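Enquirer: What follows is query10.csv; its format and atoms are CSV, C-alpha atoms and all ligand atoms.
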chain,number,residue,atom,x,y,z
A,1,MET,CA,21.8,3.9,94.3
A,2,ILE,CA,24.0,4.7,91.4
A,3,SER,CA,26.7,7.3,91.0
A,4,ILE,CA,27.0,9.8,88.2
A,5,PHE,CA,29.2,12.8,87.5
A,6,LEU,CA,27.5,16.1,87.7
A,7,ASN,CA,29.9,18.9,86.5
A,8,ASP,CA,32.9,16.7,87.4
A,9,GLU,CA,31.7,15.9,90.9
A,10,VAL,CA,30.4,12.5,92.0
A,11,MET,CA,26.8,12.4,92.9
A,12,SER,CA,24.8,9.5,94.3
A,13,ILE,CA,21.2,9.2,93.2
A,14,ALA,CA,18.4,6.6,93.4
A,15,ASP,CA,18.3,4.1,90.6
A,16,GLY,CA,15.7,5.1,88.0
A,17,SER,CA,16.2,8.9,88.6
A,18,SER,CA,15.5,11.0,85.6
A,19,LEU,CA,17.4,14.1,84.6
A,20,THR,CA,14.6,16.2,86.0
A,21,ASP,CA,15.0,14.4,89.3
A,22,VAL,CA,18.7,15.2,89.4
A,23,LEU,CA,18.0,18.9,88.9
A,24,LYS,CA,15.3,18.8,91.7
A,25,ARG,CA,17.8,17.2,94.1
A,26,ARG,CA,20.2,20.0,93.5
A,27,THR,CA,17.3,22.6,93.5
A,28,ILE,CA,18.4,23.9,90.1
A,29,ALA,CA,15.6,25.7,88.2
A,30,GLU,CA,14.8,23.9,85.0
A,31,ASN,CA,14.4,27.0,82.9
A,32,GLY,CA,17.8,28.3,84.0
A,33,VAL,CA,20.0,25.6,82.5
A,34,ALA,CA,20.9,23.4,79.6
A,35,LEU,CA,22.0,19.8,79.9
A,36,VAL,CA,24.7,17.7,78.3
A,37,LEU,CA,24.6,14.0,78.9
A,38,ASN,CA,27.7,12.0,77.9
A,39,ALA,CA,28.8,14.8,75.4
A,40,GLU,CA,25.3,15.1,73.8
A,41,VAL,CA,22.9,18.0,74.4
A,42,VAL,CA,19.5,16.8,75.8
A,43,PRO,CA,16.7,19.2,75.0
A,44,ARG,CA,14.6,20.2,78.0
A,45,SER,CA,11.5,18.4,76.8
A,46,ARG,CA,13.4,15.1,77.1
A,47,TRP,CA,14.6,15.5,80.6
A,48,PRO,CA,11.7,13.7,82.4
A,49,HIS,CA,12.0,10.7,80.1
A,50,ILE,CA,15.7,10.0,80.4
A,51,MET,CA,16.9,7.9,83.3
A,52,CYS,CA,20.4,8.2,84.6
A,53,GLN,CA,22.8,5.3,84.2
A,54,GLN,CA,25.8,4.4,86.4
A,55,ASP,CA,28.8,6.6,85.6
A,56,ASP,CA,26.8,9.0,83.4
A,57,THR,CA,28.6,12.3,82.8
A,58,LEU,CA,26.2,15.2,83.2
A,59,GLU,CA,27.0,18.8,82.5
A,60,VAL,CA,24.7,21.5,83.7
A,61,PHE,CA,25.3,25.1,82.6
A,62,SER,CA,23.6,28.4,81.9
A,63,VAL,CA,23.2,30.3,78.7
A,64,VAL,CA,25.9,32.8,78.0
A,65,ALA,CA,24.4,35.7,76.0
A,66,GLY,CA,27.0,38.4,76.3
A,67,GLY,CA,29.2,39.6,73.5
B,1,MET,CA,37.4,35.4,39.3
B,2,ALA,CA,41.2,34.8,39.7
B,3,VAL,CA,43.4,35.9,42.5
B,4,THR,CA,45.4,39.0,41.4
B,5,ASP,CA,49.2,39.4,41.9
B,6,LYS,CA,48.7,41.9,44.7
B,7,GLU,CA,46.2,39.6,46.4
B,8,PHE,CA,48.6,36.7,46.0
B,9,LEU,CA,51.2,38.6,47.9
B,10,ARG,CA,49.0,40.0,50.5
B,11,TYR,CA,47.3,36.7,51.3
B,12,SER,CA,50.3,34.5,50.7
B,13,ARG,CA,50.4,32.9,54.1
B,14,GLN,CA,46.8,31.9,53.7
B,15,ILE,CA,47.1,30.7,50.1
B,16,LEU,CA,50.2,28.7,51.2
B,17,LEU,CA,47.8,26.4,53.2
B,18,PRO,CA,46.8,23.5,51.1
B,19,GLU,CA,43.3,23.7,52.7
B,20,VAL,CA,43.0,27.3,51.4
B,21,GLY,CA,45.0,27.7,48.2
B,22,GLU,CA,43.9,30.1,45.5
B,23,GLN,CA,40.5,28.5,45.4
B,24,GLY,CA,39.9,29.1,49.0
B,25,GLN,CA,41.1,32.7,48.8
B,26,ASN,CA,38.7,33.2,45.9
B,27,ARG,CA,36.0,31.7,48.0
B,28,PHE,CA,36.7,34.3,50.8
B,29,LYS,CA,36.6,37.1,48.2
B,30,GLN,CA,33.2,36.0,46.9
B,31,SER,CA,31.7,35.6,50.3
B,32,HIS,CA,29.3,38.0,52.1
B,33,ILE,CA,29.1,37.7,55.9
B,34,LEU,CA,26.4,39.3,58.0
B,35,ILE,CA,27.5,40.2,61.5
B,36,ILE,CA,24.8,41.0,64.1
B,37,GLY,CA,26.3,43.1,67.0
B,38,VAL,CA,29.5,45.1,66.7
B,39,GLY,CA,30.7,45.0,70.3
B,40,GLY,CA,33.5,42.9,71.8
B,41,LEU,CA,32.9,39.9,69.6
B,42,GLY,CA,31.7,41.7,66.5
B,43,THR,CA,34.6,44.2,66.1
B,44,LEU,CA,37.3,41.5,66.5
B,45,THR,CA,35.6,38.9,64.3
B,46,ALA,CA,34.9,41.5,61.6
B,47,GLN,CA,38.5,42.6,61.7
B,48,TYR,CA,39.8,39.1,61.3
B,49,LEU,CA,37.4,38.4,58.4
B,50,ALA,CA,38.1,41.7,56.6
B,51,ALA,CA,41.8,41.1,57.0
B,52,ALA,CA,41.5,37.6,55.6
B,53,GLY,CA,40.1,38.9,52.4
B,54,ILE,CA,36.4,38.3,52.8
B,55,GLY,CA,34.7,40.3,50.0
B,56,LYS,CA,31.7,41.8,51.7
B,57,ILE,CA,30.7,42.2,55.3
B,58,THR,CA,27.5,43.7,56.6
B,59,LEU,CA,27.6,45.1,60.2
B,60,VAL,CA,24.4,45.5,62.2
B,61,ASP,CA,24.3,47.5,65.5
B,62,GLY,CA,22.2,50.4,66.8
B,63,ASP,CA,24.5,51.0,69.7
B,64,VAL,CA,27.0,53.9,70.1
B,65,VAL,CA,30.6,53.6,71.4
B,66,GLU,CA,30.9,54.2,75.2
B,67,LEU,CA,34.0,54.6,77.4
B,68,SER,CA,33.3,51.2,79.1
B,69,ASN,CA,33.6,49.5,75.7
B,70,LEU,CA,37.2,50.5,75.1
B,71,PRO,CA,39.0,47.8,77.2
B,72,ARG,CA,37.7,45.0,74.9
B,73,GLN,CA,36.4,46.6,71.7
B,74,LEU,CA,39.9,47.3,70.4
B,75,LEU,CA,38.8,48.9,67.1
B,76,PHE,CA,37.3,51.9,68.9
B,77,SER,CA,39.1,54.8,70.6
B,78,LYS,CA,38.2,57.9,72.6
B,79,GLU,CA,37.4,59.9,69.4
B,80,ASP,CA,34.6,57.4,68.6
B,81,LEU,CA,32.6,58.0,71.8
B,82,GLY,CA,28.9,58.6,71.0
B,83,VAL,CA,29.1,57.4,67.4
B,84,ASN,CA,27.3,54.4,66.0
B,85,LYS,CA,29.4,51.2,66.3
B,86,ALA,CA,28.5,49.7,62.9
B,87,GLN,CA,29.4,53.0,61.2
B,88,VAL,CA,32.7,53.5,63.0
B,89,ALA,CA,33.7,49.9,62.5
B,90,ALA,CA,32.8,50.0,58.8
B,91,ILE,CA,34.9,53.2,58.2
B,92,LYS,CA,37.9,52.0,60.1
B,93,LEU,CA,38.0,48.5,58.6
B,94,MET,CA,37.5,49.7,55.0
B,95,ARG,CA,40.4,52.1,55.5
B,96,ALA,CA,42.7,49.2,56.7
B,97,TYR,CA,41.4,46.5,54.4
B,98,GLU,CA,40.6,48.0,51.0
B,99,ASP,CA,39.7,44.6,49.4
B,100,CYS,CA,36.7,44.3,51.7
B,101,GLU,CA,33.4,46.1,51.1
B,102,ILE,CA,31.7,46.9,54.4
B,103,TYR,CA,28.1,47.9,54.8
B,104,SER,CA,26.8,49.3,58.0
B,105,TYR,CA,23.2,49.0,59.2
B,106,CYS,CA,22.9,51.3,62.1
B,107,GLU,CA,19.9,49.8,63.9
B,108,TYR,CA,19.5,47.0,66.3
B,109,LEU,CA,18.2,43.8,64.7
B,110,SER,CA,14.4,43.6,65.4
B,111,ALA,CA,11.4,41.8,64.1
B,112,ALA,CA,10.6,45.0,62.2
B,113,ASN,CA,13.7,45.3,60.2
B,114,THR,CA,14.6,41.7,59.4
B,115,ASN,CA,12.6,41.9,56.1
B,116,ASP,CA,14.7,44.8,55.1
B,117,LEU,CA,18.0,43.1,55.9
B,118,PHE,CA,17.0,39.8,54.3
B,119,SER,CA,15.3,41.3,51.3
B,120,SER,CA,17.1,39.3,48.6
B,121,LYS,CA,16.0,35.8,47.9
B,122,PRO,CA,17.9,33.5,48.0
B,123,SER,CA,19.8,35.3,50.7
B,124,GLU,CA,22.9,37.1,49.6
B,125,PHE,CA,24.7,36.1,52.8
B,126,ASP,CA,26.9,33.1,53.0
B,127,LEU,CA,27.2,33.1,56.8
B,128,LEU,CA,25.3,34.7,59.7
B,129,LEU,CA,27.4,35.6,62.7
B,130,ASP,CA,25.7,36.2,66.0
B,131,CYS,CA,27.9,38.6,68.1
B,132,SER,CA,25.0,40.2,69.9
B,133,ASP,CA,24.9,40.9,73.6
B,134,ASN,CA,21.4,39.8,74.6
B,135,PHE,CA,19.2,36.7,74.6
B,136,ASP,CA,16.2,38.1,72.8
B,137,VAL,CA,18.3,39.2,69.8
B,138,ARG,CA,20.0,35.8,69.8
B,139,GLN,CA,16.6,34.1,69.4
B,140,LEU,CA,15.8,36.4,66.6
B,141,VAL,CA,19.1,35.7,64.8
B,142,ASN,CA,18.5,32.0,65.2
B,143,LEU,CA,15.0,32.4,63.7
B,144,GLN,CA,16.4,34.3,60.7
B,145,ALA,CA,19.1,31.7,60.1
B,146,ILE,CA,16.5,29.0,59.9
B,147,LYS,CA,14.1,31.1,57.8
B,148,GLN,CA,16.8,32.1,55.3
B,149,GLY,CA,18.6,28.8,55.3
B,150,ILE,CA,21.9,30.3,56.2
B,151,THR,CA,24.6,28.7,58.4
B,152,LEU,CA,24.6,30.4,61.8
B,153,VAL,CA,27.9,30.8,63.8
B,154,SER,CA,26.9,32.0,67.3
B,155,ALA,CA,29.5,33.1,69.8
B,156,SER,CA,29.0,34.5,73.3
B,157,ALA,CA,31.1,35.5,76.3
B,158,ALA,CA,30.4,36.8,79.8
B,159,HIS,CA,32.3,36.5,83.1
B,160,PHE,CA,34.8,33.7,82.4
B,161,GLN,CA,32.4,31.6,80.3
B,162,GLY,CA,32.4,31.5,76.5
B,163,GLN,CA,30.2,29.5,74.1
B,164,LEU,CA,30.4,28.8,70.4
B,165,LEU,CA,28.1,26.8,68.1
B,166,SER,CA,27.2,26.5,64.5
B,167,ILE,CA,24.1,25.1,62.9
B,168,ASN,CA,22.5,24.7,59.5
B,169,GLN,CA,19.0,23.3,59.3
B,170,GLN,CA,19.4,22.0,55.7
B,171,ILE,CA,22.7,20.2,56.2
B,172,SER,CA,22.4,19.1,59.8
B,173,PRO,CA,18.7,19.1,60.8
B,174,GLU,CA,19.3,16.5,63.5
B,175,SER,CA,21.3,19.1,65.4
B,176,GLY,CA,18.3,21.4,65.8
B,177,CYS,CA,18.8,25.1,66.5
B,178,TYR,CA,19.7,27.6,69.2
B,179,HIS,CA,16.2,27.5,70.5
B,180,CYS,CA,16.4,23.7,71.0
B,181,LEU,CA,19.4,24.2,73.2
B,182,TYR,CA,18.1,27.4,74.9
B,183,PRO,CA,14.3,27.8,74.7
B,184,SER,CA,13.2,31.4,74.7
B,185,ASP,CA,11.6,31.2,78.2
B,186,MET,CA,15.0,30.6,79.8
B,187,SER,CA,16.1,32.9,82.5
B,188,VAL,CA,19.3,34.6,81.7
B,189,SER,CA,21.4,36.0,84.5
B,190,GLN,CA,24.8,36.7,82.9
B,191,THR,CA,25.5,39.6,80.6
B,192,CYS,CA,28.7,41.6,80.3
B,193,GLN,CA,26.8,44.6,81.7
B,194,THR,CA,25.8,42.9,85.0
B,195,ILE,CA,28.6,40.4,85.6
B,196,GLY,CA,31.6,41.8,83.8
B,197,VAL,CA,34.2,40.3,81.4
B,198,LEU,CA,37.9,40.6,80.5
B,199,GLY,CA,38.9,41.7,77.1
B,200,PRO,CA,40.9,38.6,76.1
B,201,MET,CA,38.0,36.4,77.2
B,202,VAL,CA,35.8,38.0,74.5
B,203,GLY,CA,38.8,38.0,72.1
B,204,THR,CA,39.2,34.3,72.5
B,205,LEU,CA,35.7,33.6,71.4
B,206,ALA,CA,35.9,36.2,68.6
B,207,SER,CA,39.0,34.5,67.3
B,208,MET,CA,37.4,31.0,67.4
B,209,GLN,CA,34.2,32.4,65.7
B,210,ALA,CA,36.3,33.9,62.9
B,211,LEU,CA,38.3,30.7,62.5
B,212,MET,CA,35.2,28.6,62.4
B,213,SER,CA,33.7,30.9,59.9
B,214,LEU,CA,36.7,30.7,57.5
B,215,ASN,CA,36.7,26.9,57.9
B,216,LEU,CA,33.0,26.7,57.1
B,217,LEU,CA,33.6,28.9,54.0
B,218,LEU,CA,36.3,26.5,52.8
B,219,ASP,CA,33.8,23.7,52.9
B,220,VAL,CA,31.4,24.7,50.1
B,221,ASP,CA,29.2,21.6,50.9
B,222,VAL,CA,28.3,23.1,54.2
B,223,LEU,CA,27.1,26.4,52.8
B,224,LYS,CA,25.4,25.6,49.5
B,225,PRO,CA,24.8,21.9,49.3
B,226,SER,CA,25.2,20.5,45.7
B,227,LEU,CA,25.4,24.0,44.2
B,228,ASP,CA,29.1,24.1,43.3
B,229,GLU,CA,30.2,20.5,42.8
B,230,THR,CA,33.5,21.3,41.0
B,231,ALA,CA,34.7,23.2,44.1
B,232,ALA,CA,33.8,20.6,46.5
B,233,LYS,CA,37.2,19.0,46.8
B,234,THR,CA,38.4,20.7,50.0
B,235,LYS,CA,40.2,19.2,52.9
B,236,ILE,CA,38.4,21.1,55.6
B,237,ASN,CA,35.4,19.1,56.8
B,238,GLY,CA,33.0,21.8,58.0
B,239,ASN,CA,30.5,19.1,58.9
B,240,GLN,CA,32.7,18.3,61.8
B,241,LEU,CA,32.0,21.8,63.1
B,242,LEU,CA,28.3,22.1,62.4
B,243,GLY,CA,26.0,20.9,65.1
B,244,LYS,CA,28.6,21.2,67.9
B,245,LEU,CA,28.5,23.3,71.0
B,246,PHE,CA,31.9,24.4,72.3
B,247,ARG,CA,32.2,25.8,75.8
B,248,PHE,CA,35.3,27.6,77.1
B,249,ASP,CA,36.0,28.2,80.8
B,250,GLY,CA,38.5,31.1,80.9
B,251,GLY,CA,39.1,30.7,84.6
B,252,LYS,CA,40.0,27.0,84.5
B,253,PHE,CA,41.2,27.0,80.8
B,254,THR,CA,39.0,24.0,79.8
B,255,TRP,CA,37.2,23.5,76.5
B,256,ARG,CA,34.3,21.2,76.4
B,257,GLN,CA,32.5,19.9,73.3
B,258,ALA,CA,29.0,18.4,72.9
B,259,SER,CA,26.8,17.4,70.0
B,260,LEU,CA,23.6,19.5,69.6
B,261,LEU,CA,20.4,17.6,69.4
B,262,ARG,CA,17.1,18.7,67.9
B,263,ASP,CA,14.1,19.1,70.2
B,264,PRO,CA,11.2,17.4,68.3
B,265,ASN,CA,8.9,19.9,70.1
B,266,CYS,CA,11.0,23.0,69.2
B,267,SER,CA,8.6,25.8,68.2
B,268,VAL,CA,11.3,27.4,65.9
B,269,CYS,CA,12.9,24.6,63.9
B,270,SER,CA,10.3,21.9,64.1
B,271,ALA,CA,7.3,24.0,63.3
A,301,ZN,ZN,15.0,24.2,67.3
Using structure tokens, write down the structure from this file.

Expert:
Amino acid sequence: MISIFLNDEVMSIADGSSLTDVLKRRTIAENGVALVLNAEVVPRSRWPHIMCQQDDTLEVFSVVAGG
Amino acid sequence: MAVTDKEFLRYSRQILLPEVGEQGQNRFKQSHILIIGVGGLGTLTAQYLAAAGIGKITLVDGDVVELSNLPRQLLFSKEDLGVNKAQVAAIKLMRAYEDCEIYSYCEYLSAANTNDLFSSKPSEFDLLLDCSDNFDVRQLVNLQAIKQGITLVSASAAHFQGQLLSINQQISPESGCYHCLYPSDMSVSQTCQTIGVLGPMVGTLASMQALMSLNLLLDVDVLKPSLDETAAKTKINGNQLLGKLFRFDGGKFTWRQASLLRDPNCSVCSA
């Protein structure tokens, strides 16, 4: 197991978990959010290919479209 | 074009800034900014830019003023109810800021009227500001920014969340576009109509959008690469702003910053 920060909260996940796995664990719909990993946006098509590392900082948020 | 005596007085607090100076003020005067959406964001952003001495602003909105707009769309009052927002805003802003020419386009931006708006080639617009209130229009604005090669400054606010980003495909292709961050099949739950918003929340994002726009204008390299080399000696580095996503939480008062990244599979900017 490794621990990462998901929206400022510590989360433990299995070693080798992808960004997609993290969202699945939290039952977050993939088409409802954008992801920032260590202060860099990760486009959705890359999520299955990026494995979380110990102490990664992950931000999950929705689009804000109002104005 | 030189700054006149009257302009020198009026804009003295701006010209005083070494980052602006007479050259920067002239740059503002020669700029044309296109603003899509004249609601909470658009009215305030347009007012800041007109007041700062921007030469031309085009306002686009098909909506009319409603009572529920008044708490945050400070340019409008009871007398304006039922009148087109772009039209009212253009009249009021031109009255207050006579140096600024304001054009109103009283229709919603749509795939059908983009050719009309972007008829001049190269584009007459120096910046494209997204102040719209829905996701579909935001995708369309992004597409036009890429097609026309204009710098896009996109702001949004709803609930206690605000987002701000700027992109330019020519200068910062590695940052991708709005669609790389938010693909068009995304589900959108939060709009001001369904979830509500406080006036100053929208105002915060509008101020940041206007400030970012002025900063980008001061960096000529960001707008027209290698076009105007003599004017390139400015101290504002607009490249530090391009390709960044800023998110403001107005409940917790936190700002977060992230670098945007191009999606190699993006159907809009990688096609
Ligand atoms: Zn893209």

Enquirer: Give as a PyMOL selection string each residue that has an atom at most 10 Å from (41.5, 32.2, 38.3) in the file, counting only C-alpha atoms.

Expert: chain B and resi 1-4+22-23+26

Enquirer: Tell me, counting only C-alpha atoms and all ligand atoms, for each residue of chain A within 12 Å of ligand ZN 301 (chain A), which pair of atoms is nearest and how far apart they are in Å to one decimal, in rows ordered by chain and increasing number, as a Markdown table.

Expert:
| residue | atom | partner | partner_atom | distance |
| --- | --- | --- | --- | --- |
| A:Pro43 | CA | A:ZN301 | ZN | 9.3 |
| A:Arg44 | CA | A:ZN301 | ZN | 11.4 |
| A:Ser45 | CA | A:ZN301 | ZN | 11.7 |

Enquirer: Write out as a VMD selection string the residues lying within 7 Å of Phe61 (chain A), counting only C-alpha atoms and excluding same-chain residues fewer than 3 positions away.

Expert: chain A and resid 33 to 35

Enquirer: Using all atoms listed in the file, pick whichever of B:Ala157, B:Leu218, B:Gly250, B:Gln257 has the shortest atom-to-atom distance to Ser62 (chain A).

Expert: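 Looking only at the distances to Ser62 (chain A), the closest residue turns out to be B:Ala157.
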
Enquirer: For chain B against chain A, which residues fall within 8 Å using only C-alpha atoms, given as a PDB file with C-alpha atoms, in the coordinates of the input?

Expert:
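File selection.pdb, as written:
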ATOM      1  CA  GLY B  37      26.300  43.100  67.000  1.00  0.00           C
ATOM      2  CA  GLY B  39      30.700  45.000  70.300  1.00  0.00           C
ATOM      3  CA  GLY B  40      33.500  42.900  71.800  1.00  0.00           C
ATOM      4  CA  LEU B  41      32.900  39.900  69.600  1.00  0.00           C
ATOM      5  CA  GLY B  42      31.700  41.700  66.500  1.00  0.00           C
ATOM      6  CA  CYS B 131      27.900  38.600  68.100  1.00  0.00           C
ATOM      7  CA  SER B 132      25.000  40.200  69.900  1.00  0.00           C
ATOM      8  CA  ASP B 133      24.900  40.900  73.600  1.00  0.00           C
ATOM      9  CA  ASN B 134      21.400  39.800  74.600  1.00  0.00           C
ATOM     10  CA  PHE B 135      19.200  36.700  74.600  1.00  0.00           C
ATOM     11  CA  ARG B 138      20.000  35.800  69.800  1.00  0.00           C
ATOM     12  CA  ALA B 155      29.500  33.100  69.800  1.00  0.00           C
ATOM     13  CA  SER B 156      29.000  34.500  73.300  1.00  0.00           C
ATOM     14  CA  ALA B 157      31.100  35.500  76.300  1.00  0.00           C
ATOM     15  CA  ALA B 158      30.400  36.800  79.800  1.00  0.00           C
ATOM     16  CA  GLN B 161      32.400  31.600  80.300  1.00  0.00           C
ATOM     17  CA  GLY B 162      32.400  31.500  76.500  1.00  0.00           C
ATOM     18  CA  GLN B 163      30.200  29.500  74.100  1.00  0.00           C
ATOM     19  CA  CYS B 180      16.400  23.700  71.000  1.00  0.00           C
ATOM     20  CA  LEU B 181      19.400  24.200  73.200  1.00  0.00           C
ATOM     21  CA  TYR B 182      18.100  27.400  74.900  1.00  0.00           C
ATOM     22  CA  ASP B 185      11.600  31.200  78.200  1.00  0.00           C
ATOM     23  CA  MET B 186      15.000  30.600  79.800  1.00  0.00           C
ATOM     24  CA  SER B 187      16.100  32.900  82.500  1.00  0.00           C
ATOM     25  CA  VAL B 188      19.300  34.600  81.700  1.00  0.00           C
ATOM     26  CA  GLN B 190      24.800  36.700  82.900  1.00  0.00           C
ATOM     27  CA  THR B 191      25.500  39.600  80.600  1.00  0.00           C
ATOM     28  CA  CYS B 192      28.700  41.600  80.300  1.00  0.00           C
ATOM     29  CA  VAL B 202      35.800  38.000  74.500  1.00  0.00           C
ATOM     30  CA  GLN B 257      32.500  19.900  73.300  1.00  0.00           C
ATOM     31  CA  ALA B 258      29.000  18.400  72.900  1.00  0.00           C
ATOM     32  CA  SER B 259      26.800  17.400  70.000  1.00  0.00           C
ATOM     33  CA  LEU B 260      23.600  19.500  69.600  1.00  0.00           C
ATOM     34  CA  LEU B 261      20.400  17.600  69.400  1.00  0.00           C
ATOM     35  CA  ARG B 262      17.100  18.700  67.900  1.00  0.00           C
ATOM     36  CA  ASP B 263      14.100  19.100  70.200  1.00  0.00           C
ATOM     37  CA  ASN B 265       8.900  19.900  70.100  1.00  0.00           C
TER      38      ASN B 265
END

Enquirer: Within 6 Å of region 20-23 of chain A, counting only C-alpha atoms, which residues show up once you throw out same-chain ones fewer than 5 positions away? Write them as number ranges by chain, please.

Expert: A: 28, 47-48

Enquirer: Take CA of Ser166 (chain B) and CA of Gly243 (chain B) and report the distance between them in Å, one decimal.

Expert: 5.8 Å

Enquirer: I need the residue nearest Phe5 (chain A) from this list: A:Val60, A:Leu19, A:Ile50, A:Asp55. Use only C-alpha atoms for the distance.

Expert: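 Ranking A:Val60, A:Leu19, A:Ile50, A:Asp55 by distance to Phe5 (chain A), first place goes to A:Asp55.
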
Enquirer: Go ahead and compute the interatomic distance for CA of Arg13 (chain B) and CA of Pro200 (chain B), in Å to one decimal.

Expert: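 These atoms are spaced 24.6 Å apart.
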
Enquirer: Which of these residues is nearest to Asn7 (chain A), using only C-alpha atoms: B:Arg256, B:Tyr97, B:Ile171, B:Leu70?

Expert: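 Counting only C-alpha atoms, the residue closest to Asn7 (chain A) is B:Arg256.
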
Enquirer: One decimal, Å: what's the distance from CA of Asp8 (chain A) over to CA of Thr204 (chain B), could you say?

Expert: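 Atom-to-atom, CA of Asp8 (chain A) and CA of Thr204 (chain B) are spaced 23.9 Å apart.
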
Enquirer: Could you check the closest approach to Ile195 (chain B) for each of B:Phe160, B:Arg10, B:Thr58, B:Glu124 and tell me which residue wins, using only C-alpha atoms?

Expert: B:Phe160

Enquirer: Of the candidates A:Thr57, A:Arg25, A:His49, A:Met1, which shows the shortest atom-to-atom distance to Ile13 (chain A), using only C-alpha atoms?

Expert: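 Between A:Thr57, A:Arg25, A:His49, A:Met1, the residue approaching Ile13 (chain A) most closely is A:Met1.
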